[in-house]
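Trainee: This is upload14.cif, which holds mmCIF, C-alpha atoms and all ligand atoms:
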```cif
data_data
#
loop_
_atom_site.label_atom_id
_atom_site.label_comp_id
_atom_site.auth_asym_id
_atom_site.auth_seq_id
_atom_site.Cartn_x
_atom_site.Cartn_y
_atom_site.Cartn_z
CA MET A 1 254.68 261.32 -124.48
CA ASN A 2 255.24 264.74 -122.96
CA GLN A 3 253.48 265.80 -119.78
CA LEU A 4 250.94 268.12 -121.38
CA ALA A 5 249.85 265.59 -124.02
CA GLN A 6 249.50 263.02 -121.25
CA TRP A 7 247.32 265.34 -119.17
CA LEU A 8 245.12 266.17 -122.13
CA LEU A 9 244.69 262.50 -123.00
CA SER A 10 243.83 261.74 -119.34
CA LEU A 11 241.27 264.52 -119.29
CA ILE A 12 239.62 263.20 -122.46
CA VAL A 13 239.40 259.68 -121.00
CA VAL A 14 237.90 261.04 -117.76
CA LEU A 15 235.41 263.28 -119.59
CA VAL A 16 234.23 260.49 -121.92
CA PHE A 17 233.84 258.17 -118.93
CA ALA A 18 231.90 260.78 -116.93
CA ILE A 19 229.59 261.68 -119.82
CA PHE A 20 228.73 258.00 -120.38
CA ALA A 21 228.08 257.59 -116.64
CA PHE A 22 225.80 260.64 -116.66
CA GLN A 23 223.93 259.41 -119.75
CA LEU A 24 223.43 255.98 -118.18
CA ASN A 25 221.97 257.76 -115.15
CA LEU A 26 224.71 256.51 -112.81
CA LEU A 27 225.63 260.05 -111.72
CA THR A 28 223.66 263.23 -111.03
CA GLU A 29 224.87 266.53 -112.55
CA SER A 30 226.85 267.57 -109.47
CA GLY A 31 228.09 263.98 -109.13
CA THR A 32 229.39 264.07 -112.71
CA ILE A 33 231.37 267.27 -112.13
CA ALA A 34 232.85 265.87 -108.91
CA ALA A 35 233.68 262.58 -110.67
CA VAL A 36 235.59 264.44 -113.40
CA LEU A 37 237.65 266.26 -110.74
CA VAL A 38 238.32 263.04 -108.82
CA GLY A 39 239.20 261.15 -112.02
CA ALA A 40 241.53 263.87 -113.29
CA ALA A 41 243.25 264.13 -109.90
CA LEU A 42 243.82 260.36 -109.83
CA PHE A 43 245.32 260.50 -113.32
CA ILE A 44 247.61 263.46 -112.79
CA LEU A 45 248.70 263.32 -109.13
CA PRO A 46 250.45 259.93 -108.94
CA ALA A 47 253.05 261.39 -111.37
CA ASP A 48 254.42 258.16 -112.86
CA PRO A 49 252.62 257.89 -116.23
CA TYR A 50 251.68 254.27 -115.61
CA ALA A 51 250.69 254.76 -111.98
CA GLY A 52 248.03 257.27 -112.95
CA TRP A 53 246.28 254.68 -115.08
CA ALA A 54 246.30 252.15 -112.25
CA TRP A 55 244.71 254.59 -109.77
CA PHE A 56 242.03 255.72 -112.19
CA VAL A 57 241.27 252.20 -113.44
CA LEU A 58 240.87 250.89 -109.89
CA LEU A 59 238.40 253.59 -108.92
CA SER A 60 236.54 252.86 -112.19
CA VAL A 61 236.40 249.14 -111.31
CA PHE A 62 234.73 250.15 -108.04
CA PHE A 63 232.37 252.58 -109.76
CA LEU A 64 231.25 250.12 -112.45
CA SER A 65 230.96 246.99 -110.30
CA SER A 66 229.16 248.81 -107.48
CA ASN A 67 226.70 250.21 -109.99
CA ALA A 68 226.15 246.73 -111.42
CA VAL A 69 225.26 245.27 -108.00
CA THR A 70 223.06 248.29 -107.22
CA ARG A 71 220.99 247.49 -110.30
CA PHE A 72 220.98 243.75 -109.63
CA GLY A 73 217.63 242.54 -108.28
CA LYS A 74 216.21 246.05 -108.48
CA ALA A 75 212.55 245.05 -108.39
CA ARG A 76 213.01 243.02 -105.19
CA LYS A 77 214.98 245.82 -103.56
CA GLU A 78 212.47 248.57 -104.34
CA GLN A 79 210.47 248.18 -101.13
CA VAL A 80 213.48 247.90 -98.81
CA SER A 81 215.41 250.76 -100.40
CA GLN A 82 212.50 253.17 -99.96
CA GLU A 83 213.73 253.77 -96.42
CA PHE A 84 217.27 254.56 -97.69
CA ALA A 85 218.06 258.24 -97.95
CA LYS A 86 219.31 257.93 -101.53
CA GLY A 87 218.75 255.91 -104.66
CA GLY A 88 221.28 254.40 -107.05
CA VAL A 89 222.22 257.62 -108.88
CA ARG A 90 225.47 258.86 -107.28
CA ASP A 91 225.38 262.52 -106.23
CA LEU A 92 228.03 265.04 -105.16
CA ALA A 93 228.16 263.92 -101.50
CA GLN A 94 228.50 260.25 -102.50
CA VAL A 95 231.33 260.99 -104.95
CA ILE A 96 233.12 263.03 -102.26
CA ALA A 97 232.53 260.29 -99.64
CA ASN A 98 234.20 257.72 -101.88
CA GLY A 99 236.62 259.99 -103.75
CA ALA A 100 238.10 262.30 -101.09
CA VAL A 101 240.42 259.80 -99.39
CA PRO A 102 241.66 258.33 -102.72
CA VAL A 103 242.50 261.84 -103.98
CA LEU A 104 244.25 262.67 -100.70
CA LEU A 105 246.31 259.48 -101.02
CA ALA A 106 247.11 260.28 -104.67
CA ALA A 107 248.41 263.68 -103.50
CA LEU A 108 250.54 262.01 -100.82
CA TYR A 109 251.85 259.57 -103.44
CA HIS A 110 252.74 262.55 -105.63
CA VAL A 111 254.92 263.90 -102.83
CA SER A 112 256.38 260.55 -101.85
CA PRO A 113 255.78 257.58 -104.21
CA ASN A 114 255.63 254.80 -101.67
CA PRO A 115 254.04 251.32 -101.98
CA LEU A 116 252.45 251.77 -98.54
CA ILE A 117 250.39 254.66 -99.91
CA PHE A 118 249.33 252.71 -102.99
CA THR A 119 248.33 249.70 -100.85
CA THR A 120 246.32 252.02 -98.57
CA PHE A 121 244.59 253.47 -101.62
CA VAL A 122 243.66 250.01 -102.94
CA ALA A 123 242.29 249.09 -99.48
CA VAL A 124 240.20 252.29 -99.34
CA VAL A 125 238.66 251.44 -102.72
CA ALA A 126 238.15 247.83 -101.51
CA VAL A 127 236.18 249.10 -98.48
CA ALA A 128 233.90 251.18 -100.70
CA ASN A 129 233.31 248.22 -103.00
CA ALA A 130 232.87 245.71 -100.15
CA ASP A 131 230.37 248.00 -98.49
CA THR A 132 228.31 248.52 -101.65
CA PHE A 133 228.33 244.78 -102.41
CA ALA A 134 227.30 243.98 -98.82
CA THR A 135 224.50 246.56 -98.82
CA GLU A 136 223.13 245.87 -102.28
CA LEU A 137 223.40 242.06 -102.27
CA GLY A 138 222.78 241.66 -98.52
CA VAL A 139 219.28 243.14 -98.79
CA LEU A 140 218.40 240.33 -101.21
CA SER A 141 219.01 237.78 -98.43
CA LYS A 142 215.89 235.69 -97.74
CA SER A 143 216.64 235.24 -94.04
CA LYS A 144 216.48 238.32 -91.82
CA PRO A 145 219.78 239.98 -90.86
CA VAL A 146 220.94 240.72 -87.28
CA LEU A 147 222.08 244.04 -85.85
CA ILE A 148 225.90 244.09 -85.50
CA THR A 149 225.71 245.54 -81.96
CA THR A 150 223.01 243.39 -80.33
CA PHE A 151 222.67 240.41 -82.71
CA LYS A 152 218.90 240.91 -82.59
CA ARG A 153 216.98 240.10 -85.77
CA VAL A 154 216.00 243.22 -87.73
CA GLU A 155 214.33 244.03 -91.03
CA ASN A 156 216.28 243.87 -94.29
CA GLY A 157 218.00 247.12 -95.22
CA VAL A 158 218.33 248.51 -91.68
CA SER A 159 221.60 250.44 -91.16
CA GLY A 160 223.97 248.31 -89.09
CA ALA A 161 222.32 245.02 -90.07
CA VAL A 162 224.65 242.19 -91.08
CA SER A 163 223.91 238.86 -92.75
CA GLY A 164 225.84 235.86 -94.05
CA VAL A 165 224.99 236.81 -97.63
CA GLY A 166 226.08 240.42 -97.02
CA THR A 167 229.40 239.42 -95.46
CA LEU A 168 230.14 236.99 -98.30
CA ALA A 169 229.29 239.78 -100.74
CA ALA A 170 231.70 242.09 -98.88
CA PHE A 171 234.45 239.50 -99.39
CA ALA A 172 233.61 239.28 -103.09
CA GLY A 173 233.57 243.07 -103.53
CA SER A 174 236.85 243.48 -101.68
CA ALA A 175 238.52 240.58 -103.54
CA LEU A 176 237.44 242.01 -106.90
CA VAL A 177 239.31 245.27 -106.21
CA ALA A 178 242.34 243.39 -104.83
CA LEU A 179 242.41 241.15 -107.90
CA ALA A 180 242.13 244.11 -110.27
CA ALA A 181 245.05 245.77 -108.43
CA VAL A 182 247.15 242.60 -108.68
CA LEU A 183 246.48 242.43 -112.44
CA LEU A 184 247.28 246.12 -112.84
CA ILE A 185 250.63 245.77 -111.09
CA SER A 186 251.50 242.38 -112.60
CA VAL A 187 250.81 242.88 -116.29
CA PRO A 188 253.12 245.90 -116.79
CA ALA A 189 255.68 244.16 -114.56
CA LEU A 190 255.67 241.17 -116.92
CA LEU A 191 256.09 243.50 -119.89
CA THR A 192 258.72 245.82 -118.45
CA GLY A 193 260.21 243.86 -115.56
CA LYS A 194 259.26 246.77 -113.32
CA ILE A 195 257.16 245.91 -110.27
CA GLU A 196 257.15 248.73 -107.79
CA PHE A 197 253.89 249.11 -105.94
CA ALA A 198 253.58 245.98 -103.84
CA ALA A 199 257.09 244.66 -104.30
CA PRO A 200 258.08 244.62 -100.62
CA LEU A 201 254.97 242.57 -99.80
CA GLY A 202 254.68 240.04 -102.59
CA VAL A 203 251.38 239.48 -104.35
CA PRO A 204 249.73 236.97 -101.93
CA LEU A 205 250.30 239.18 -98.86
CA PHE A 206 249.26 242.33 -100.74
CA PHE A 207 246.04 240.59 -101.83
CA THR A 208 245.32 239.32 -98.30
CA ILE A 209 245.89 242.71 -96.65
CA VAL A 210 243.60 244.47 -99.12
CA VAL A 211 240.79 241.90 -98.85
CA PHE A 212 241.01 241.86 -95.04
CA ALA A 213 241.04 245.66 -94.74
CA GLY A 214 238.13 245.88 -97.21
CA VAL A 215 235.91 243.48 -95.25
CA LEU A 216 236.89 245.02 -91.91
CA GLY A 217 236.07 248.49 -93.25
CA SER A 218 232.68 247.27 -94.40
CA LEU A 219 231.98 245.79 -90.94
CA ALA A 220 233.05 249.14 -89.43
CA ASP A 221 230.47 250.70 -91.75
CA SER A 222 227.77 248.48 -90.22
CA LEU A 223 228.97 249.30 -86.71
CA PHE A 224 228.84 253.06 -87.41
CA GLY A 225 225.46 252.54 -89.08
CA ALA A 226 224.09 250.90 -85.92
CA THR A 227 225.53 253.46 -83.51
CA ILE A 228 226.45 256.98 -84.64
CA GLN A 229 224.53 257.30 -87.95
CA ALA A 230 221.46 259.54 -87.72
CA MET A 231 218.27 257.48 -87.91
CA TYR A 232 214.85 259.02 -88.04
CA TRP A 233 211.34 257.98 -87.03
CA CYS A 234 208.16 258.58 -88.97
CA LYS A 235 205.31 259.08 -86.48
CA ARG A 236 202.63 258.53 -89.10
CA ASP A 237 203.90 255.15 -90.39
CA LYS A 238 205.71 254.16 -87.16
CA LYS A 239 208.77 253.33 -89.24
CA GLU A 240 212.51 253.80 -88.90
CA THR A 241 214.11 255.58 -91.85
CA GLU A 242 217.29 257.36 -93.00
CA ARG A 243 215.15 260.13 -94.46
CA LYS A 244 214.61 263.54 -92.84
CA ILE A 245 211.33 263.80 -94.73
CA HIS A 246 209.58 260.45 -95.02
CA LYS A 247 208.20 259.17 -98.33
CA CYS A 248 204.71 259.90 -96.95
CA GLY A 249 205.63 263.61 -96.68
CA GLN A 250 205.84 263.62 -92.86
CA LYS A 251 208.85 265.35 -91.28
CA THR A 252 210.68 262.67 -89.27
CA LEU A 253 212.20 262.89 -85.78
CA LEU A 254 215.81 262.05 -84.86
CA LEU A 255 215.60 258.61 -83.24
CA ARG A 256 219.27 257.98 -82.52
CA GLY A 257 222.74 258.83 -83.76
CA VAL A 258 224.38 262.16 -84.57
CA LYS A 259 222.54 264.60 -86.80
CA TRP A 260 225.36 265.36 -89.29
CA ILE A 261 226.47 261.74 -89.60
CA ASP A 262 224.50 260.42 -92.56
CA ASN A 263 225.25 257.42 -94.77
CA ASP A 264 227.88 259.35 -96.79
CA VAL A 265 229.78 260.37 -93.65
CA VAL A 266 229.64 256.78 -92.39
CA ASN A 267 231.06 255.60 -95.73
CA LEU A 268 233.87 258.13 -95.45
CA PHE A 269 234.68 257.01 -91.88
CA SER A 270 234.69 253.33 -92.83
CA THR A 271 237.06 253.86 -95.77
CA ILE A 272 239.41 255.63 -93.33
CA VAL A 273 239.21 252.62 -90.96
CA GLY A 274 240.06 250.22 -93.82
CA GLY A 275 242.88 252.47 -95.01
CA VAL A 276 244.42 252.75 -91.53
CA VAL A 277 244.20 248.95 -91.07
CA ALA A 278 245.90 248.34 -94.44
CA ALA A 279 248.62 250.95 -93.79
CA GLY A 280 249.29 249.43 -90.34
CA LEU A 281 249.50 245.88 -91.68
CA PHE A 282 251.77 247.00 -94.52
CA TYR A 283 254.02 248.88 -92.09
CA PHE A 284 254.42 245.92 -89.75
CA LEU A 285 254.58 243.13 -92.33
CA ALA A 286 256.55 244.64 -95.22
ZN ZN B 301 205.78 258.12 -93.12
#
```
Could you render the structure as C-alpha cells?

Mentor:
Amino acid sequence: MNQLAQWLLSLIVVLVFAIFAFQLNLLTESGTIAAVLVGAALFILPADPYAGWAWFVLLSVFFLSSNAVTRFGKARKEQVSQEFAKGGVRDLAQVIANGAVPVLLAALYHVSPNPLIFTTFVAVVAVANADTFATELGVLSKSKPVLITTFKRVENGVSGAVSGVGTLAAFAGSALVALAAVLLISVPALLTGKIEFAAPLGVPLFFTIVVFAGVLGSLADSLFGATIQAMYWCKRDKKETERKIHKCGQKTLLLRGVKWIDNDVVNLFSTIVGGVVAAGLFYFLA
C-alpha cells in the first residue's frame, strides 16, 4: 500500500473510532477533536506501517478499558465522585494529559525507531490505565483508604488515598496494557518472523518492566495528589473538593497544593514518571 492510501485509511479508522466515542458520550466535543489528532499522529508518526497500528491500538486499549471501569459500579460511585472535578466524559485537557507524551514519543520514534522508545510509550499508556483502574475501582473499596503520605485513614475518593483494592486494580490495569503490547508484537512476529520492538529485552522482561513502571507511575499519581495537587475547601459544607466552585454553588478556597496543578496535570506528571522509570530500566537491563 502506498503512503498516501495508508494515511487515508488510518484517518478513516481514527475518525470512525472518534465519532463512535463521541456518540457513546465517552468524549466531549473538544475531546473528540483532540482524540482525532492524537490518533492520527500515533498512526502516521511511527513510520513503519505495522508500528502505527500497534501504537494506535494500544492507546485504544487504554481508552476503552478505562472507560469500562469508569462506568463500572456507577451508582455506588455517584456520591464519592461528586467531589471530583470532572465526570467520566473525557474533555480536551484529559485527552492532552494522556495523549501528549505518547505523541511526543511517537515523534521521537519517527526520528529514531528504537525499542527503548516503544517500551517507554507502552509504560506511559500503562501508567494512565493503572491510574484510572486504581481510581475507578479503588473508590468501590468497602474499607476506607489511607493517605499515601501519612497513612492516616481518609474518605473514599480523596486525592492521594491508596487502598489494597486500588493497588491491585493498578496492577490489573498496567498488566492489561503490557499484555496487549506483548500480543501486538508477538502475533506479527509469528507471521513474519520479524520481532523488533522488545527484541533486546525478551517478552518476560518487557512485560515486567511495563507492569512495574505502570504501577509505580500510578503510586506517583497518588503522591502528587496528596502533596502538590490543588485541593479546595467549601466553607458552607465544610468539605474538601477538587472543584473551584463547589456543587452547592459556593466558591471554594485553596486548601493546599499548587493552583495550576489539577488532576490532569498530575496525570501528565505521573505518566512522565512511569516513562522515565521504564526507559531507565530498559537502558540498564537491555
Ligand atoms: Zn459546598

Trainee: Just want the 7 Å neighbourhood of A:Ile228, counted on only C-alpha atoms, with same-chain residues fewer than 3 positions away dropped. Output as a PyMOL selection string.

Mentor: chain A and resi 224-225+257-258+261

Trainee: What separation in Å, quoted to one decimal, exists between atom CA of A:Val36 and atom CA of A:Val125?

Mentor: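 A separation of 17.1 Å between them.
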
Trainee: Which residues, written as a list of chain:residue names, have at least one atom at most 12 Å from A:Glu78, with all atoms listed in the file counted and residues fewer than 4 positions away on the same chain left out?

Mentor: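 With the cut-off at 12 Å, the set is A:Thr70, A:Arg71, A:Phe72, A:Gly73, A:Lys74, A:Gln82, A:Glu83, A:Phe84, A:Lys86, A:Gly87, A:Gly88, A:Glu136, A:Val139, A:Leu140, A:Asn156, A:Gly157.
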
Trainee: Between atom CA of A:Val69 and atom CA of A:Ile117, what is the spacing in Å?

Mentor: 28.0 Å

Trainee: Report as an MDAnalysis selection string all protein, DNA and RNA residues lying within 12 Å of A:Val57, evaluated on only C-alpha atoms, omitting residues in the same chain fewer than 2 positions from it.

Mentor: chainID A and resid 10 13:14 17 39:40 42:43 50:55 59:65 122 125 177 180:181 183:185

Trainee: With distances taken over all atoms listed in the file, which residue among A:Asp131, A:Glu242, A:Asp221, A:Glu155 lies nearest ligand ZN 301 (chain B)?

Mentor: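 Closest candidate: A:Glu242.
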
Trainee: Pick out the closest residue to A:Tyr232 from this set: A:Val158, A:Pro113, A:Gly217, A:Ser174. Count all atoms listed in the file.

Mentor: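 Among the listed residues, the smallest separation from A:Tyr232 belongs to A:Val158.
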
Trainee: Residues within 7 Å of ligand ZN 301 (chain B), counting all atoms listed in the file: report them as a list of chain:residue names.

Mentor: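 What falls inside 7 Å of ligand ZN 301 (chain B) is A:Cys234, A:Lys235, A:Arg236, A:Asp237, A:Lys239, A:His246, A:Lys247, A:Cys248, A:Gly249, A:Gln250.
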
Trainee: Of the candidates A:Gly31, A:Gly166, A:Pro145, A:Pro46, which shows the shortest atom-to-atom distance to A:Tyr109, using all atoms listed in the file?

Mentor: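 Closest to A:Tyr109 of all the choices is A:Pro46.
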
Trainee: Need the shell around A:Leu254: protein/DNA/RNA residues with any atom at most 8 Å away, counting only C-alpha atoms. Skip same-chain ones fewer than 5 positions apart. Format as a list of chain:residue names?

Mentor: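 The residues that qualify are A:Ala230, A:Met231, A:Tyr232, A:Trp233, A:Lys259.
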
Trainee: Give the answer as one residue: which of A:Ala18, A:Thr132, A:Phe212, A:Ala126 has the shortest atom-to-atom distance to A:Leu37, using only C-alpha atoms?

Mentor: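 Of A:Ala18, A:Thr132, A:Phe212, A:Ala126, the one nearest A:Leu37 is A:Ala18, counting only C-alpha atoms.
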
Trainee: From the options A:Leu15, A:Gly202, A:Asn263, A:His110, which residue's atoms come nearest to A:Ser186, counting only C-alpha atoms?

Mentor: A:Gly202

Trainee: Grab the atom CA of A:Leu176 to atom CA of A:Asn129 distance for me, in Å with one decimal place.

Mentor: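 If I compute the distance from atom CA of A:Leu176 to atom CA of A:Asn129, I get 8.4 Å.
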
Trainee: Which residue, A:Ile44, A:Ala93, A:Ala169, A:Val103, has the smallest gap to A:Leu219 when you use only C-alpha atoms?

Mentor: A:Ala169

Trainee: For the point (251.6, 255.0, -99.6) in the file's frame, write as a ChimeraX atom specification all residues with an atom no more than 12 Å away, counting all atoms listed in the file.

Mentor: /A:46,102,104-124,196-198,275-276,278-280,282-283

Trainee: With a distance cut-off of 9 Å and all atoms listed in the file, select the neighbouring residues of A:Leu26, excluding the residue or stretch itself and same-chain residues fewer than 6 positions from it, and output the selection as a compact mmCIF listing (two decimals) with C-alpha atoms, keeping the file's coordinate frame.

Mentor:
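Listing of around19.txt after writing:
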```
# COMPACT_ATOMS: atom_id res chain seq x y z
CA PHE A 20 228.73 258.00 -120.38
CA THR A 32 229.39 264.07 -112.71
CA ASN A 67 226.70 250.21 -109.99
CA GLY A 88 221.28 254.40 -107.05
CA VAL A 89 222.22 257.62 -108.88
CA ARG A 90 225.47 258.86 -107.28
CA ASP A 91 225.38 262.52 -106.23
```

Trainee: For N, CA and C atoms, please extract stretch 64-90 of chain A from the block and return it as an mmCIF file, in the first residue's frame.

Mentor:
```cif
data_model
loop_
_atom_site.group_PDB
_atom_site.id
_atom_site.type_symbol
_atom_site.label_atom_id
_atom_site.label_comp_id
_atom_site.auth_asym_id
_atom_site.auth_seq_id
_atom_site.Cartn_x
_atom_site.Cartn_y
_atom_site.Cartn_z
ATOM 1 N N LEU A 64 -10.587 2.383 25.873
ATOM 2 C CA LEU A 64 -11.792 1.564 26.038
ATOM 3 C C LEU A 64 -11.853 0.917 27.421
ATOM 4 N N SER A 65 -10.729 0.368 27.899
ATOM 5 C CA SER A 65 -10.792 -0.314 29.197
ATOM 6 C C SER A 65 -10.953 0.688 30.330
ATOM 7 N N SER A 66 -10.352 1.884 30.201
ATOM 8 C CA SER A 66 -10.511 2.857 31.278
ATOM 9 C C SER A 66 -11.938 3.400 31.301
ATOM 10 N N ASN A 67 -12.563 3.492 30.126
ATOM 11 C CA ASN A 67 -13.963 3.900 30.110
ATOM 12 C C ASN A 67 -14.868 2.838 30.713
ATOM 13 N N ALA A 68 -14.525 1.571 30.462
ATOM 14 C CA ALA A 68 -15.320 0.476 31.024
ATOM 15 C C ALA A 68 -15.282 0.513 32.554
ATOM 16 N N VAL A 69 -14.082 0.700 33.141
ATOM 17 C CA VAL A 69 -14.019 0.713 34.615
ATOM 18 C C VAL A 69 -14.638 1.989 35.186
ATOM 19 N N THR A 70 -14.615 3.088 34.408
ATOM 20 C CA THR A 70 -15.252 4.320 34.874
ATOM 21 C C THR A 70 -16.755 4.105 35.027
ATOM 22 N N ARG A 71 -17.328 3.337 34.093
ATOM 23 C CA ARG A 71 -18.770 3.092 34.143
ATOM 24 C C ARG A 71 -19.159 1.981 35.115
ATOM 25 N N PHE A 72 -18.176 1.170 35.496
ATOM 26 C CA PHE A 72 -18.449 0.049 36.397
ATOM 27 C C PHE A 72 -18.812 0.563 37.800
ATOM 28 N N GLY A 73 -19.933 0.077 38.324
ATOM 29 C CA GLY A 73 -20.358 0.478 39.672
ATOM 30 C C GLY A 73 -20.719 1.950 39.771
ATOM 31 N N LYS A 74 -21.294 2.493 38.693
ATOM 32 C CA LYS A 74 -21.537 3.924 38.600
ATOM 33 C C LYS A 74 -22.428 4.464 39.722
ATOM 34 N N ALA A 75 -23.485 3.708 40.022
ATOM 35 C CA ALA A 75 -24.437 4.167 41.044
ATOM 36 C C ALA A 75 -23.726 4.333 42.394
ATOM 37 N N ARG A 76 -22.879 3.363 42.740
ATOM 38 C CA ARG A 76 -22.194 3.423 44.036
ATOM 39 C C ARG A 76 -21.159 4.538 44.078
ATOM 40 N N LYS A 77 -20.648 4.892 42.898
ATOM 41 C CA LYS A 77 -19.587 5.899 42.852
ATOM 42 C C LYS A 77 -20.125 7.323 42.867
ATOM 43 N N GLU A 78 -21.405 7.457 42.500
ATOM 44 C CA GLU A 78 -22.004 8.776 42.294
ATOM 45 C C GLU A 78 -21.671 9.760 43.415
ATOM 46 N N GLN A 79 -21.873 9.313 44.665
ATOM 47 C CA GLN A 79 -21.693 10.218 45.795
ATOM 48 C C GLN A 79 -20.223 10.649 45.956
ATOM 49 N N VAL A 80 -19.330 9.659 45.850
ATOM 50 C CA VAL A 80 -17.906 9.931 46.019
ATOM 51 C C VAL A 80 -17.405 10.864 44.921
ATOM 52 N N SER A 81 -17.822 10.563 43.670
ATOM 53 C CA SER A 81 -17.250 11.286 42.538
ATOM 54 C C SER A 81 -17.785 12.707 42.421
ATOM 55 N N GLN A 82 -18.765 13.059 43.248
ATOM 56 C CA GLN A 82 -19.266 14.441 43.217
ATOM 57 C C GLN A 82 -18.188 15.446 43.600
ATOM 58 N N GLU A 83 -17.216 15.000 44.398
ATOM 59 C CA GLU A 83 -16.151 15.909 44.805
ATOM 60 C C GLU A 83 -15.007 15.944 43.776
ATOM 61 N N PHE A 84 -15.050 15.027 42.775
ATOM 62 C CA PHE A 84 -14.057 15.075 41.694
ATOM 63 C C PHE A 84 -14.357 16.280 40.816
ATOM 64 N N ALA A 85 -13.306 16.818 40.195
ATOM 65 C CA ALA A 85 -13.508 17.987 39.352
ATOM 66 C C ALA A 85 -14.271 17.631 38.081
ATOM 67 N N LYS A 86 -14.076 16.392 37.593
ATOM 68 C CA LYS A 86 -14.652 16.022 36.303
ATOM 69 C C LYS A 86 -15.369 14.687 36.363
ATOM 70 N N GLY A 87 -16.302 14.515 35.426
ATOM 71 C CA GLY A 87 -17.022 13.253 35.333
ATOM 72 C C GLY A 87 -16.318 12.300 34.383
ATOM 73 N N GLY A 88 -17.063 11.323 33.861
ATOM 74 C CA GLY A 88 -16.457 10.286 33.030
ATOM 75 C C GLY A 88 -16.268 10.661 31.578
ATOM 76 N N VAL A 89 -16.856 11.783 31.119
ATOM 77 C CA VAL A 89 -16.727 12.167 29.717
ATOM 78 C C VAL A 89 -15.400 12.906 29.529
ATOM 79 N N ARG A 90 -14.495 12.336 28.719
ATOM 80 C CA ARG A 90 -13.144 12.883 28.579
ATOM 81 C C ARG A 90 -13.152 14.181 27.774
#
```
